[in-house]
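This report refers to the structure that appears directly beneath it.
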Amino acid sequence: MKYFLIALVLLAVAVWALIRFLHRIGEPVNAAASDSYYHHARKKIIVYSPMGNWFELGYHESTADPATFQVLSRDYGKDDKTVFWRGHAQRVDYATFRIDEHKIPKDDFRVYDDDHYQPELRVIEGADPKTFRPLTLPEDRYDHRWYRDDKAIYAAGKRMDVDATTFQRLNETLALDASHVYVITRNPLRLGSGSVSLSAKAANPGGPALRLNDTYAQIGHAIAHANWIRPFSLVFFQSIDSVRVLDERNLAVNGVLISDG
């Protein structure tokens, strides 16, 4: 009986210790603005835990002052001295830092990229905070993180080497400027800088550019295609009188089948 009681006490202590270990987060700081910032269950600190799922998605004990901390958005917050992203202190201009109407982090001096797993925001080199804005298409089904300012084009936090004044995204796979037709390539295994690239594939044939679907576009009297069996094709016609989109891979141009470019 004595040993049974000792074992029972030890079991109760172990269960209590386990519960204390597991119960790391307390009340959310501002549940309406973020599901990831919490007061610690026992300590007087702020913790960042994505969606409160610290066991699977991570947990970070922030250095933020809990008395003055306020949530700015799901991943951003600040206390009376410092801006925090995912619970980590950031080197930004505190007085002017903001999340703009497009959910872009910026201050009066820099624009930042937060599409990565590092603890610190990356500066988008050369970006103008006053004019930096999304470059979206009405047909976009995903957030491809294309942006522009008054001088340049950016993709996934990186400045693109194109003529910004004439640049056009045509669809998911093609773009052009006054000089070239480009193929858009994405690396699904990367985030941020390097996940999107542009490759100049041909001289711009001239003429109006028209999106046909996600992989085909008409440019003047030519049909451009990218990212199926052939990485890139540019098919020329004396004139284009009719175009019928059959599916993502196939077109009928002047009654002629174009398949995979």
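Naming works like this for the structure tokens: A, B, ... for the chains as they're shown, residue 1 at the start of each chain, ligands 1 onward in shown order.
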Contacts of A:Phe109 within 8 Å, only C-alpha atoms, excl. fewer than 2 positions in-chain, as a PyMOL selection string: chain A and resi 93+106-107+111+128-129
Strand (DSSP E) residues, from DSSP on the backbone, in stretch 11-220 of chain A, as a PyMOL selection string: chain A and resi 25-28+37-40+46-48+60-61+70-71+76-78+83-85+88-90+98-99+105-106+112-113+122-123+133-134+146-148+153-155+158-159+168-169+174-176+180-186+196-203+209-211+216-219
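Shortest separation to A:Val245 among A:Ser259, A:Lys151, A:Asp161, A:Thr166 occurs at residue A:Ser259, atoms counted being only C-alpha atoms.
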Quick one: contact table of stretch 200-244 of chain A to stretch 174-189 of chain A, 9 Å max, nearest atom pair and distance in Å to one decimal per residue, counting only C-alpha atoms, chain and number order, as a Markdown table?
| residue | atom | partner | partner_atom | distance |
| --- | --- | --- | --- | --- |
| A:Ala200 | CA | A:Tyr182 | CA | 4.4 |
| A:Lys201 | CA | A:Tyr182 | CA | 5.6 |
| A:Ala202 | CA | A:Val181 | CA | 5.3 |
| A:Ala203 | CA | A:His180 | CA | 4.4 |
| A:Asn204 | CA | A:His180 | CA | 4.5 |
| A:Pro205 | CA | A:His180 | CA | 8.3 |
| A:Gly206 | CA | A:Ala178 | CA | 8.0 |
| A:Ala209 | CA | A:Leu176 | CA | 8.7 |
| A:Asp214 | CA | A:Leu174 | CA | 8.5 |
| A:Thr215 | CA | A:Leu174 | CA | 7.1 |
| A:Tyr216 | CA | A:Leu174 | CA | 7.8 |
| A:Ala217 | CA | A:Leu174 | CA | 7.6 |
| A:Ala224 | CA | A:Leu174 | CA | 7.9 |
| A:His225 | CA | A:Leu174 | CA | 7.5 |
| A:Ala226 | CA | A:Val183 | CA | 6.5 |
| A:Asn227 | CA | A:Val183 | CA | 8.0 |
| A:Pro231 | CA | A:Val183 | CA | 8.2 |
| A:Phe232 | CA | A:Val183 | CA | 7.2 |
Could those selected residues go to a file with C-alpha atoms, as a JSON list (two decimals), in the first residue's frame?
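In the end it all went to part_33.json:
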[["chain", "number", "residue", "atom", "x", "y", "z"],
["A", 200, "ALA", "CA", 14.61, 36.97, -71.81],
["A", 201, "LYS", "CA", 13.74, 34.46, -74.56],
["A", 202, "ALA", "CA", 13.13, 36.52, -77.69],
["A", 203, "ALA", "CA", 12.95, 40.03, -79.08],
["A", 204, "ASN", "CA", 9.56, 41.66, -78.69],
["A", 205, "PRO", "CA", 7.87, 41.11, -82.08],
["A", 206, "GLY", "CA", 5.84, 44.29, -81.65],
["A", 209, "ALA", "CA", -0.16, 42.08, -76.35],
["A", 214, "ASP", "CA", -2.34, 31.13, -68.20],
["A", 215, "THR", "CA", 0.38, 29.95, -70.63],
["A", 216, "TYR", "CA", -0.44, 31.52, -74.03],
["A", 217, "ALA", "CA", -0.43, 35.13, -75.17],
["A", 224, "ALA", "CA", 3.91, 33.08, -77.34],
["A", 225, "HIS", "CA", 3.78, 30.07, -75.03],
["A", 226, "ALA", "CA", 5.78, 28.93, -71.99],
["A", 227, "ASN", "CA", 6.22, 26.29, -69.31],
["A", 231, "PRO", "CA", 10.03, 25.91, -72.06],
["A", 232, "PHE", "CA", 9.24, 28.62, -74.63]]
- request: Might you pull out every residue within 12 Å of A:Asp35, with only C-alpha atoms counted and same-chain residues fewer than 6 positions away left off, and present them as an MDAnalysis selection string?
  value: chainID A and resid 25:29 47:54 71:76 86
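The smallest atom-to-atom distance between A:Tyr112 and any of A:Lys158, A:Phe55, A:Lys78, A:Thr136, using only C-alpha atoms, is found for A:Lys158.
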query: Do you know which residues are at most 12 Å from A:Glu101 counting only C-alpha atoms, after dropping those on the same chain fewer than 6 positions away, and could you put them as a ChimeraX atom specification?
result: /A:73,132-134
Go ahead and save the residues from that selection, with C-alpha atoms, as a tab-separated table (two decimals), in the first residue's frame.
chain	number	residue	atom	x	y	z
A	73	SER	CA	-1.33	42.67	-37.69
A	132	PHE	CA	5.80	50.82	-53.96
A	133	ARG	CA	2.56	48.96	-54.75
A	134	PRO	CA	1.27	45.57	-56.00
